[in-house]
Amino acid sequence: MTQDQSKKTEIMDPRIPSLIEKAERALIVTHISPDGDAIGSLLGLGWALRALGKHSVLACADPVPQPFHFLPGHQEIVREPEGTFDLVIGLDASDPQRLGSPWQQAEGLDAPKIVIDHHVTNLHFGDINWVDTTAAATAEMIYELVQALDVPMNVDIAQCLLCGVVTDTRGFRTSNTTPRSLAIATRLMEAGADLNLVTEQALNRKPLAVLRLWGMALPRMQMRGRILWSTVTRQMREETGVNDNGDGGLVNVLVSANEADVAVVFTEREDNRVEVGMRAKPGFDVSQVALSLGGGGHPQAAGCVIKGSLEEVQELVLSALEESLRRQGGE
Ligand code: AMP
Ligand code: MN
Ligand code: MN
C-alpha cells in the first residue's frame, strides 16, 4: 500500500471503462457519513450505468442525509446490498473502513475492485486505483468516466455530479477549485443541472437544531497557539436534537477566524468514540495528522474517528497538530 503526499493528476486506467462495459452486475459503494460528493458521485455513476442498460446496485452503509434528497434516484441507494456482483467500485474514500460494511462484504467476492478517489491520503486498496488528487471532487472524475463510457450527458447524471462538485468546493470557494471544476460545472449546467437548487438544498440550509447546537458550541471555543477548537458533547446533541453525524459544518465556521491557521471540532459519539473534523487555511495541511490517527482527507479538510474520552482525544489531536504545525512552519 502506498500513499503520496503531493498532489498528483493520475490518468484514468483504461481498464476502468472496459471493466464497466463488460460487467453484468456492478456494486458501487460510497463512504459512511456521506457528503454531497459521496452521494452525487454514486448516483451520477449509477445513472450513467443505467443509460448503458446495465443493472447496478448503489450502496452506502449510512442513510442518505436529508439535504441530498433532492437528487434523482436517492431512494434506490441501499444500506445492505444483496446478491452477487462481477465488479465492485468504491467512491470518494481513501481507505476500506470508510466504505463500511458493503465494501467489507464484497471483499471476499471474486470480482475486480476499482477505487476512484481524490484524497491525498488514499491507501490504494483496490485492484485498480484511480486517485486524482488534483480533482476537487470525485464527481469531476466520474464526469470524465462518463465521457470515456460514451454515455451522452443527461439531466439526471448532471444534477448528481454538479452536487458533488459544488459541495466539495463549498460553492467553488475552496483552494482546490480549478478551471476544470468550473468547466465541468458549466457543461453540467448546460445539460440541465440546476446550480441554484444544489446551492440552496446542500449548502445554504440547515435545521434550526444545528444552529442551536452551534450556539452552544461557539462559547466553548478555545485557542491553542493558532489552532481554534471546540467540542460537541453527546448531551449537547441530545438537548438540541441533532442526531446526524458530526458538527453540522461548524468546523468550517471556526476556520474562518483570521487568528486561526487550523480549526478542529471534537464530536462525542456513542461507544466511547470521538469524531474529529479538521480544517486548515491554505498553506497549512491537516491531512497527514488525520492519516496518522487512522483517518484521512485533504490538506485543507480532513478527519478521523478515535476511541477514547473527549479529554483524551482532544489532548492527543491538539498535540499532534501542534507538532505538525511546528514542522510545517519549518521550525
Ligand atoms: P468532514 O470534516 O467530515 O467534512 O471531513 C473532511 C474530509 O476529511 C473529507 O474529505 C473526508 O473524506 C475526510 N474524512 C473525514 N473523516 C474521515 C475518516 N474518519 N476517515 C477518513 N477520512 C475522513
Ligand atoms: Mn466525501
Ligand atoms: Mn470528495
# chains A, B, ... in the order shown; residues from 1 in each chain; ligands from 1
>>> residues_around(residues="Asn129 of chain A", least_positions_apart="2", cutoff="8 Å", atoms="only C-alpha atoms", output="list of chain:residue names")
A:Ile114, A:Val115, A:Ile116, A:His124, A:Phe125, A:Gly126, A:Asp127, A:Val131
>>> residues_near_ligand(ligand="ligand 2", cutoff="7 Å", atoms="only C-alpha atoms and all ligand atoms", output="list in words")
His31, Pro34, Asp35, Gly36, Asp37, Ala38, Asp92 and Ala93 of chain A
>>> residues_around(residues="segment 292-295 of chain A", least_positions_apart="6", cutoff="8 Å", atoms="only C-alpha atoms", output="PDB file with all heavy atoms, in the first residue's frame")
ATOM      1  N   ALA A 302      -9.858  17.492   6.694  1.00  0.00           N
ATOM      2  CA  ALA A 302      -9.578  16.083   6.985  1.00  0.00           C
ATOM      3  C   ALA A 302     -10.304  15.685   8.255  1.00  0.00           C
ATOM      4  O   ALA A 302     -10.869  16.535   8.958  1.00  0.00           O
ATOM      5  CB  ALA A 302      -8.065  15.867   7.129  1.00  0.00           C
ATOM      6  N   GLY A 303     -10.295  14.392   8.546  1.00  0.00           N
ATOM      7  CA  GLY A 303     -10.991  13.940   9.744  1.00  0.00           C
ATOM      8  C   GLY A 303     -10.587  12.544  10.140  1.00  0.00           C
ATOM      9  O   GLY A 303      -9.890  11.838   9.399  1.00  0.00           O
ATOM     10  N   CYS A 304     -11.014  12.155  11.336  1.00  0.00           N
ATOM     11  CA  CYS A 304     -10.769  10.804  11.814  1.00  0.00           C
ATOM     12  C   CYS A 304     -11.741  10.528  12.959  1.00  0.00           C
ATOM     13  O   CYS A 304     -12.411  11.436  13.452  1.00  0.00           O
ATOM     14  CB  CYS A 304      -9.329  10.625  12.285  1.00  0.00           C
ATOM     15  SG  CYS A 304      -8.789  11.829  13.493  1.00  0.00           S
ATOM     16  N   VAL A 305     -11.831   9.258  13.325  1.00  0.00           N
ATOM     17  CA  VAL A 305     -12.639   8.861  14.477  1.00  0.00           C
ATOM     18  C   VAL A 305     -11.700   8.125  15.418  1.00  0.00           C
ATOM     19  O   VAL A 305     -10.992   7.208  14.995  1.00  0.00           O
ATOM     20  CB  VAL A 305     -13.808   7.947  14.055  1.00  0.00           C
ATOM     21  CG1 VAL A 305     -14.614   7.529  15.272  1.00  0.00           C
ATOM     22  CG2 VAL A 305     -14.703   8.645  13.038  1.00  0.00           C
ATOM     23  N   ILE A 306     -11.665   8.547  16.691  1.00  0.00           N
ATOM     24  CA  ILE A 306     -10.693   7.988  17.637  1.00  0.00           C
ATOM     25  C   ILE A 306     -11.411   7.472  18.872  1.00  0.00           C
ATOM     26  O   ILE A 306     -12.336   8.118  19.379  1.00  0.00           O
ATOM     27  CB  ILE A 306      -9.653   9.067  18.033  1.00  0.00           C
ATOM     28  CG1 ILE A 306      -8.945   9.598  16.780  1.00  0.00           C
ATOM     29  CG2 ILE A 306      -8.625   8.509  19.015  1.00  0.00           C
ATOM     30  CD1 ILE A 306      -7.937  10.688  17.067  1.00  0.00           C
TER      31      ILE A 306
END
>>> select_by_dssp(residues="segment 205-279 of chain A", states="strand (DSSP E)", output="list in words")
Gln222, Met223, Arg224, Ile227, Leu228, Trp229, Ser230, Thr231, Val232, Val262, Ala263, Val264, Val265, Phe266, Thr267, Glu268, Arg273, Val274, Glu275, Val276, Gly277, Met278 and Arg279 of chain A
>>> residues_near_ligand(ligand="ligand 1", cutoff="8 Å", atoms="only C-alpha atoms and all ligand atoms", output="PyMOL selection string")
chain A and resi 33+35+92-95+97-98+119+168+246+249+251+275-279+287+290-291+294-298+301-305
>>> residues_around(residues="Arg187 of chain A", least_positions_apart="4", cutoff="12 Å", atoms="only C-alpha atoms", output="ChimeraX atom specification")
/A:140,143-144,147,152-155,157-159,161-162,180-183,191-195
>>> residues_around(residues="Val264 of chain A", least_positions_apart="5", cutoff="12 Å", atoms="only C-alpha atoms", output="VMD selection string")
chain A and resid 217 221 to 224 226 to 232 246 to 247 249 to 256 275 to 281 286 289 to 290 300 to 304 313 to 315 317 to 318 321 to 322
>>> write_last_selection(atoms="N, CA and C atoms", output="tab-separated table (two decimals), in the first residue's frame")
chain	number	residue	atom	x	y	z
A	217	ALA	N	-21.92	25.47	21.07
A	217	ALA	CA	-20.50	25.12	20.87
A	217	ALA	C	-19.62	26.36	20.72
A	221	MET	N	-15.38	27.72	22.36
A	221	MET	CA	-14.17	27.81	21.52
A	221	MET	C	-12.96	28.17	22.36
A	222	GLN	N	-11.85	27.56	21.99
A	222	GLN	CA	-10.59	27.89	22.66
A	222	GLN	C	-9.49	27.98	21.62
A	223	MET	N	-8.51	28.84	21.89
A	223	MET	CA	-7.33	28.93	21.03
A	223	MET	C	-6.20	28.18	21.70
A	224	ARG	N	-5.49	27.38	20.92
A	224	ARG	CA	-4.23	26.80	21.41
A	224	ARG	C	-3.20	27.13	20.35
A	226	ARG	N	-2.20	28.73	17.28
A	226	ARG	CA	-3.07	29.23	16.20
A	226	ARG	C	-4.10	28.17	15.79
A	227	ILE	N	-4.39	27.26	16.73
A	227	ILE	CA	-5.44	26.26	16.50
A	227	ILE	C	-6.69	26.69	17.26
A	228	LEU	N	-7.78	26.87	16.55
A	228	LEU	CA	-9.06	27.21	17.18
A	228	LEU	C	-9.90	25.94	17.25
A	229	TRP	N	-10.37	25.60	18.45
A	229	TRP	CA	-11.08	24.34	18.57
A	229	TRP	C	-12.29	24.45	19.48
A	230	SER	N	-13.22	23.50	19.32
A	230	SER	CA	-14.39	23.44	20.18
A	230	SER	C	-14.89	22.00	20.25
A	231	THR	N	-15.90	21.80	21.09
A	231	THR	CA	-16.41	20.44	21.27
A	231	THR	C	-17.93	20.41	21.18
A	232	VAL	N	-18.43	19.27	20.73
A	232	VAL	CA	-19.87	18.99	20.72
A	232	VAL	C	-20.05	17.71	21.54
A	246	GLY	N	-21.41	14.23	13.11
A	246	GLY	CA	-20.60	15.44	13.04
A	246	GLY	C	-21.21	16.66	13.68
A	247	ASP	N	-20.68	17.80	13.25
A	247	ASP	CA	-20.95	19.09	13.88
A	247	ASP	C	-21.82	19.97	13.02
A	249	GLY	N	-21.14	21.12	10.21
A	249	GLY	CA	-20.32	22.07	9.44
A	249	GLY	C	-19.70	23.18	10.27
A	250	LEU	N	-19.79	23.06	11.60
A	250	LEU	CA	-19.26	24.11	12.48
A	250	LEU	C	-17.77	24.36	12.23
A	251	VAL	N	-17.02	23.31	11.94
A	251	VAL	CA	-15.58	23.47	11.77
A	251	VAL	C	-15.25	24.42	10.61
A	252	ASN	N	-16.15	24.47	9.61
A	252	ASN	CA	-15.96	25.43	8.50
A	252	ASN	C	-16.11	26.88	8.98
A	253	VAL	N	-16.96	27.06	9.98
A	253	VAL	CA	-17.15	28.41	10.54
A	253	VAL	C	-15.90	28.79	11.34
A	254	LEU	N	-15.40	27.84	12.14
A	254	LEU	CA	-14.25	28.16	13.00
A	254	LEU	C	-13.03	28.55	12.18
A	255	VAL	N	-12.80	27.85	11.06
A	255	VAL	CA	-11.57	28.13	10.31
A	255	VAL	C	-11.62	29.49	9.62
A	256	SER	N	-12.79	30.13	9.64
A	256	SER	CA	-12.86	31.46	9.05
A	256	SER	C	-12.22	32.53	9.94
A	275	GLU	N	-15.46	11.87	17.07
A	275	GLU	CA	-15.27	12.21	15.67
A	275	GLU	C	-14.50	13.53	15.63
A	276	VAL	N	-13.46	13.59	14.82
A	276	VAL	CA	-12.62	14.78	14.78
A	276	VAL	C	-12.67	15.39	13.37
A	277	GLY	N	-13.15	16.61	13.27
A	277	GLY	CA	-13.18	17.31	11.98
A	277	GLY	C	-12.14	18.41	12.01
A	278	MET	N	-11.29	18.46	10.99
A	278	MET	CA	-10.20	19.44	10.97
A	278	MET	C	-10.24	20.24	9.67
A	279	ARG	N	-9.89	21.50	9.76
A	279	ARG	CA	-9.76	22.35	8.58
A	279	ARG	C	-8.49	23.16	8.71
A	280	ALA	N	-7.89	23.51	7.56
A	280	ALA	CA	-6.68	24.33	7.56
A	280	ALA	C	-6.84	25.46	6.57
A	281	LYS	N	-6.24	26.58	6.91
A	281	LYS	CA	-6.16	27.67	5.93
A	281	LYS	C	-5.23	27.22	4.82
A	286	VAL	N	-3.72	19.56	7.20
A	286	VAL	CA	-4.17	18.72	8.32
A	286	VAL	C	-4.35	17.25	7.90
A	289	VAL	N	-1.87	14.58	9.72
A	289	VAL	CA	-2.22	14.25	11.11
A	289	VAL	C	-3.43	13.33	11.12
A	290	ALA	N	-4.43	13.62	10.28
A	290	ALA	CA	-5.62	12.76	10.21
A	290	ALA	C	-5.22	11.34	9.80
A	300	GLN	N	-6.61	20.70	3.22
A	300	GLN	CA	-7.42	21.73	3.91
A	300	GLN	C	-8.62	21.18	4.68
A	301	ALA	N	-8.97	19.91	4.51
A	301	ALA	CA	-10.14	19.35	5.20
A	301	ALA	C	-9.92	17.87	5.43
A	302	ALA	N	-9.86	17.49	6.69
A	302	ALA	CA	-9.58	16.08	6.99
A	302	ALA	C	-10.30	15.68	8.26
A	303	GLY	N	-10.29	14.39	8.55
A	303	GLY	CA	-10.99	13.94	9.74
A	303	GLY	C	-10.59	12.54	10.14
A	304	CYS	N	-11.01	12.15	11.34
A	304	CYS	CA	-10.77	10.80	11.81
A	304	CYS	C	-11.74	10.53	12.96
A	313	VAL	N	-8.95	12.45	23.67
A	313	VAL	CA	-8.82	12.65	22.22
A	313	VAL	C	-8.40	14.09	21.92
A	314	GLN	N	-8.95	15.04	22.68
A	314	GLN	CA	-8.54	16.44	22.49
A	314	GLN	C	-7.03	16.59	22.65
A	315	GLU	N	-6.51	16.03	23.73
A	315	GLU	CA	-5.09	16.18	24.01
A	315	GLU	C	-4.25	15.53	22.92
A	317	VAL	N	-5.03	14.85	19.76
A	317	VAL	CA	-5.11	15.51	18.44
A	317	VAL	C	-4.45	16.88	18.49
A	318	LEU	N	-4.72	17.65	19.54
A	318	LEU	CA	-4.17	19.02	19.59
A	318	LEU	C	-2.65	18.97	19.68
A	321	LEU	N	-1.34	18.06	16.24
A	321	LEU	CA	-1.45	19.19	15.32
A	321	LEU	C	-0.39	20.25	15.62
A	322	GLU	N	-0.17	20.50	16.91
A	322	GLU	CA	0.86	21.49	17.27
A	322	GLU	C	2.22	21.08	16.72
>>> atom_distance(atom1="atom CA of Thr167 of chain A", atom2="atom CA of His74 of chain A")
16.4 Å
>>> select_by_dssp(residues="segment 79-309 of chain A", states="helix (DSSP H, G or I)", output="ChimeraX atom specification")
/A:96-106,138-148,155-168,179-190,195-204,208-220,234-240,250-254,287-292
>>> residues_around(residues="Val210 of chain A", least_positions_apart="5", cutoff="12 Å", atoms="only C-alpha atoms", output="PDB file with N, CA, C and O atoms, in the first residue's frame")
ATOM      1  N   ARG A 205     -28.874  25.742   3.525  1.00  0.00           N
ATOM      2  CA  ARG A 205     -29.900  25.448   4.537  1.00  0.00           C
ATOM      3  C   ARG A 205     -29.410  24.517   5.618  1.00  0.00           C
ATOM      4  O   ARG A 205     -28.622  23.616   5.370  1.00  0.00           O
ATOM      5  N   GLY A 215     -24.797  27.370  18.603  1.00  0.00           N
ATOM      6  CA  GLY A 215     -24.930  28.374  19.663  1.00  0.00           C
ATOM      7  C   GLY A 215     -24.367  27.875  20.985  1.00  0.00           C
ATOM      8  O   GLY A 215     -23.878  28.663  21.799  1.00  0.00           O
ATOM      9  N   MET A 216     -24.430  26.572  21.185  1.00  0.00           N
ATOM     10  CA  MET A 216     -23.859  26.009  22.417  1.00  0.00           C
ATOM     11  C   MET A 216     -22.358  25.773  22.273  1.00  0.00           C
ATOM     12  O   MET A 216     -21.604  25.857  23.242  1.00  0.00           O
ATOM     13  N   ALA A 217     -21.919  25.468  21.066  1.00  0.00           N
ATOM     14  CA  ALA A 217     -20.502  25.121  20.867  1.00  0.00           C
ATOM     15  C   ALA A 217     -19.620  26.361  20.720  1.00  0.00           C
ATOM     16  O   ALA A 217     -18.446  26.331  21.101  1.00  0.00           O
ATOM     17  N   VAL A 232     -18.435  19.269  20.730  1.00  0.00           N
ATOM     18  CA  VAL A 232     -19.870  18.987  20.720  1.00  0.00           C
ATOM     19  C   VAL A 232     -20.054  17.710  21.543  1.00  0.00           C
ATOM     20  O   VAL A 232     -19.585  16.645  21.131  1.00  0.00           O
ATOM     21  N   MET A 236     -25.075  17.873  24.452  1.00  0.00           N
ATOM     22  CA  MET A 236     -25.472  18.995  23.587  1.00  0.00           C
ATOM     23  C   MET A 236     -26.294  18.497  22.410  1.00  0.00           C
ATOM     24  O   MET A 236     -27.271  19.137  22.000  1.00  0.00           O
ATOM     25  N   ARG A 237     -25.907  17.355  21.868  1.00  0.00           N
ATOM     26  CA  ARG A 237     -26.673  16.815  20.734  1.00  0.00           C
ATOM     27  C   ARG A 237     -28.052  16.347  21.191  1.00  0.00           C
ATOM     28  O   ARG A 237     -29.041  16.519  20.488  1.00  0.00           O
ATOM     29  N   GLU A 238     -28.093  15.749  22.392  1.00  0.00           N
ATOM     30  CA  GLU A 238     -29.402  15.317  22.916  1.00  0.00           C
ATOM     31  C   GLU A 238     -30.311  16.509  23.182  1.00  0.00           C
ATOM     32  O   GLU A 238     -31.490  16.507  22.822  1.00  0.00           O
ATOM     33  N   GLU A 239     -29.747  17.555  23.786  1.00  0.00           N
ATOM     34  CA  GLU A 239     -30.551  18.737  24.129  1.00  0.00           C
ATOM     35  C   GLU A 239     -31.105  19.444  22.897  1.00  0.00           C
ATOM     36  O   GLU A 239     -32.204  19.970  22.916  1.00  0.00           O
ATOM     37  N   THR A 240     -30.298  19.468  21.824  1.00  0.00           N
ATOM     38  CA  THR A 240     -30.744  20.189  20.631  1.00  0.00           C
ATOM     39  C   THR A 240     -31.474  19.278  19.647  1.00  0.00           C
ATOM     40  O   THR A 240     -32.123  19.760  18.729  1.00  0.00           O
ATOM     41  N   GLY A 241     -31.319  17.970  19.830  1.00  0.00           N
ATOM     42  CA  GLY A 241     -31.980  17.018  18.926  1.00  0.00           C
ATOM     43  C   GLY A 241     -31.247  16.823  17.607  1.00  0.00           C
ATOM     44  O   GLY A 241     -31.848  16.420  16.606  1.00  0.00           O
ATOM     45  N   VAL A 242     -29.947  17.108  17.584  1.00  0.00           N
ATOM     46  CA  VAL A 242     -29.157  16.854  16.364  1.00  0.00           C
ATOM     47  C   VAL A 242     -28.631  15.426  16.423  1.00  0.00           C
ATOM     48  O   VAL A 242     -27.792  15.096  17.258  1.00  0.00           O
ATOM     49  N   ASN A 243     -29.162  14.585  15.533  1.00  0.00           N
ATOM     50  CA  ASN A 243     -28.768  13.171  15.588  1.00  0.00           C
ATOM     51  C   ASN A 243     -27.773  12.789  14.510  1.00  0.00           C
ATOM     52  O   ASN A 243     -27.160  11.737  14.580  1.00  0.00           O
ATOM     53  N   ASP A 244     -27.638  13.665  13.507  1.00  0.00           N
ATOM     54  CA  ASP A 244     -26.747  13.325  12.399  1.00  0.00           C
ATOM     55  C   ASP A 244     -25.317  13.250  12.882  1.00  0.00           C
ATOM     56  O   ASP A 244     -24.983  13.685  13.970  1.00  0.00           O
ATOM     57  N   ASN A 245     -24.475  12.740  12.004  1.00  0.00           N
ATOM     58  CA  ASN A 245     -23.049  12.698  12.315  1.00  0.00           C
ATOM     59  C   ASN A 245     -22.481  14.107  12.384  1.00  0.00           C
ATOM     60  O   ASN A 245     -22.986  15.015  11.747  1.00  0.00           O
ATOM     61  N   GLY A 246     -21.413  14.235  13.113  1.00  0.00           N
ATOM     62  CA  GLY A 246     -20.596  15.438  13.044  1.00  0.00           C
ATOM     63  C   GLY A 246     -21.207  16.665  13.682  1.00  0.00           C
ATOM     64  O   GLY A 246     -22.103  16.590  14.518  1.00  0.00           O
ATOM     65  N   ASP A 247     -20.681  17.802  13.248  1.00  0.00           N
ATOM     66  CA  ASP A 247     -20.954  19.088  13.884  1.00  0.00           C
ATOM     67  C   ASP A 247     -21.824  19.971  13.019  1.00  0.00           C
ATOM     68  O   ASP A 247     -21.955  21.162  13.279  1.00  0.00           O
ATOM     69  N   GLY A 248     -22.397  19.433  11.932  1.00  0.00           N
ATOM     70  CA  GLY A 248     -23.236  20.229  11.037  1.00  0.00           C
ATOM     71  C   GLY A 248     -22.447  21.285  10.272  1.00  0.00           C
ATOM     72  O   GLY A 248     -23.021  22.240   9.771  1.00  0.00           O
ATOM     73  N   GLY A 249     -21.140  21.124  10.212  1.00  0.00           N
ATOM     74  CA  GLY A 249     -20.322  22.070   9.441  1.00  0.00           C
ATOM     75  C   GLY A 249     -19.704  23.182  10.275  1.00  0.00           C
ATOM     76  O   GLY A 249     -19.127  24.125   9.734  1.00  0.00           O
ATOM     77  N   LEU A 250     -19.792  23.061  11.596  1.00  0.00           N
ATOM     78  CA  LEU A 250     -19.258  24.106  12.477  1.00  0.00           C
ATOM     79  C   LEU A 250     -17.767  24.365  12.234  1.00  0.00           C
ATOM     80  O   LEU A 250     -17.312  25.522  12.300  1.00  0.00           O
TER      81      LEU A 250
END
>>> atom_distance(atom1="atom CA of Thr30 of chain A", atom2="atom CA of Ile89 of chain A")
8.6 Å
>>> atom_distance(atom1="atom CA of Cys160 of chain A", atom2="atom CA of Ile20 of chain A")
19.4 Å
>>> closest_residue(among="A:Arg170, A:Lys8, A:Arg79, A:Arg15", to="ligand 3", atoms="only C-alpha atoms and all ligand atoms")
A:Arg170
>>> closest_residue(among="A:Gly164, A:Pro67, A:Gly171, A:Gly308", to="ligand 3", atoms="only C-alpha atoms and all ligand atoms")
A:Gly164
>>> residues_around(residues="Glu270 of chain A", least_positions_apart="3", cutoff="9 Å", atoms="only C-alpha atoms", output="ChimeraX atom specification")
/A:234,273-274
>>> closest_residue(among="A:Val165, A:Ala51, A:Leu197, A:Leu43", to="ligand 3", atoms="only C-alpha atoms and all ligand atoms")
A:Val165
>>> closest_residue(among="A:Ala26, A:Asp285, A:Leu99, A:Arg326", to="Ala111 of chain A", atoms="only C-alpha atoms")
A:Ala26
>>> closest_residue(among="A:Leu42, A:Ile16, A:Ile11, A:Ile32", to="Ile128 of chain A", atoms="only C-alpha atoms")
A:Ile16
>>> closest_residue(among="A:Ala257, A:Leu109, A:Met189, A:Ala139", to="ligand 3", atoms="only C-alpha atoms and all ligand atoms")
A:Ala139
>>> decode(residues="segment 171-188 of chain A", atoms="N, CA and C atoms", output="PDB file, in the first residue's frame")
ATOM      1  N   GLY A 171     -19.154  25.536  -2.894  1.00  0.00           N
ATOM      2  CA  GLY A 171     -19.620  26.608  -3.783  1.00  0.00           C
ATOM      3  C   GLY A 171     -18.458  27.292  -4.488  1.00  0.00           C
ATOM      4  N   PHE A 172     -17.485  26.495  -4.957  1.00  0.00           N
ATOM      5  CA  PHE A 172     -16.323  26.988  -5.721  1.00  0.00           C
ATOM      6  C   PHE A 172     -15.462  27.950  -4.898  1.00  0.00           C
ATOM      7  N   ARG A 173     -15.400  27.728  -3.591  1.00  0.00           N
ATOM      8  CA  ARG A 173     -14.636  28.637  -2.731  1.00  0.00           C
ATOM      9  C   ARG A 173     -13.359  28.021  -2.181  1.00  0.00           C
ATOM     10  N   THR A 174     -13.222  26.688  -2.223  1.00  0.00           N
ATOM     11  CA  THR A 174     -12.049  26.064  -1.606  1.00  0.00           C
ATOM     12  C   THR A 174     -10.829  26.212  -2.519  1.00  0.00           C
ATOM     13  N   SER A 175      -9.645  26.056  -1.907  1.00  0.00           N
ATOM     14  CA  SER A 175      -8.407  26.313  -2.653  1.00  0.00           C
ATOM     15  C   SER A 175      -8.140  25.255  -3.714  1.00  0.00           C
ATOM     16  N   ASN A 176      -8.859  24.123  -3.670  1.00  0.00           N
ATOM     17  CA  ASN A 176      -8.636  23.096  -4.696  1.00  0.00           C
ATOM     18  C   ASN A 176      -9.560  23.272  -5.914  1.00  0.00           C
ATOM     19  N   THR A 177     -10.345  24.348  -5.947  1.00  0.00           N
ATOM     20  CA  THR A 177     -11.203  24.624  -7.107  1.00  0.00           C
ATOM     21  C   THR A 177     -10.316  25.027  -8.291  1.00  0.00           C
ATOM     22  N   THR A 178     -10.519  24.388  -9.431  1.00  0.00           N
ATOM     23  CA  THR A 178      -9.668  24.630 -10.605  1.00  0.00           C
ATOM     24  C   THR A 178     -10.515  25.076 -11.799  1.00  0.00           C
ATOM     25  N   PRO A 179      -9.852  25.539 -12.864  1.00  0.00           N
ATOM     26  CA  PRO A 179     -10.601  25.806 -14.100  1.00  0.00           C
ATOM     27  C   PRO A 179     -11.383  24.570 -14.555  1.00  0.00           C
ATOM     28  N   ARG A 180     -10.811  23.377 -14.291  1.00  0.00           N
ATOM     29  CA  ARG A 180     -11.531  22.154 -14.688  1.00  0.00           C
ATOM     30  C   ARG A 180     -12.837  22.020 -13.914  1.00  0.00           C
ATOM     31  N   SER A 181     -12.811  22.366 -12.609  1.00  0.00           N
ATOM     32  CA  SER A 181     -14.039  22.293 -11.802  1.00  0.00           C
ATOM     33  C   SER A 181     -15.120  23.167 -12.431  1.00  0.00           C
ATOM     34  N   LEU A 182     -14.697  24.391 -12.809  1.00  0.00           N
ATOM     35  CA  LEU A 182     -15.667  25.340 -13.374  1.00  0.00           C
ATOM     36  C   LEU A 182     -16.136  24.895 -14.755  1.00  0.00           C
ATOM     37  N   ALA A 183     -15.206  24.358 -15.564  1.00  0.00           N
ATOM     38  CA  ALA A 183     -15.577  23.905 -16.914  1.00  0.00           C
ATOM     39  C   ALA A 183     -16.576  22.750 -16.819  1.00  0.00           C
ATOM     40  N   ILE A 184     -16.309  21.830 -15.904  1.00  0.00           N
ATOM     41  CA  ILE A 184     -17.228  20.687 -15.747  1.00  0.00           C
ATOM     42  C   ILE A 184     -18.588  21.188 -15.258  1.00  0.00           C
ATOM     43  N   ALA A 185     -18.573  22.102 -14.291  1.00  0.00           N
ATOM     44  CA  ALA A 185     -19.839  22.646 -13.780  1.00  0.00           C
ATOM     45  C   ALA A 185     -20.630  23.322 -14.910  1.00  0.00           C
ATOM     46  N   THR A 186     -19.914  24.045 -15.774  1.00  0.00           N
ATOM     47  CA  THR A 186     -20.582  24.694 -16.915  1.00  0.00           C
ATOM     48  C   THR A 186     -21.271  23.653 -17.795  1.00  0.00           C
ATOM     49  N   ARG A 187     -20.529  22.583 -18.134  1.00  0.00           N
ATOM     50  CA  ARG A 187     -21.117  21.542 -19.006  1.00  0.00           C
ATOM     51  C   ARG A 187     -22.317  20.891 -18.328  1.00  0.00           C
ATOM     52  N   LEU A 188     -22.224  20.708 -17.005  1.00  0.00           N
ATOM     53  CA  LEU A 188     -23.334  20.052 -16.283  1.00  0.00           C
ATOM     54  C   LEU A 188     -24.567  20.961 -16.285  1.00  0.00           C
TER      55      LEU A 188
END
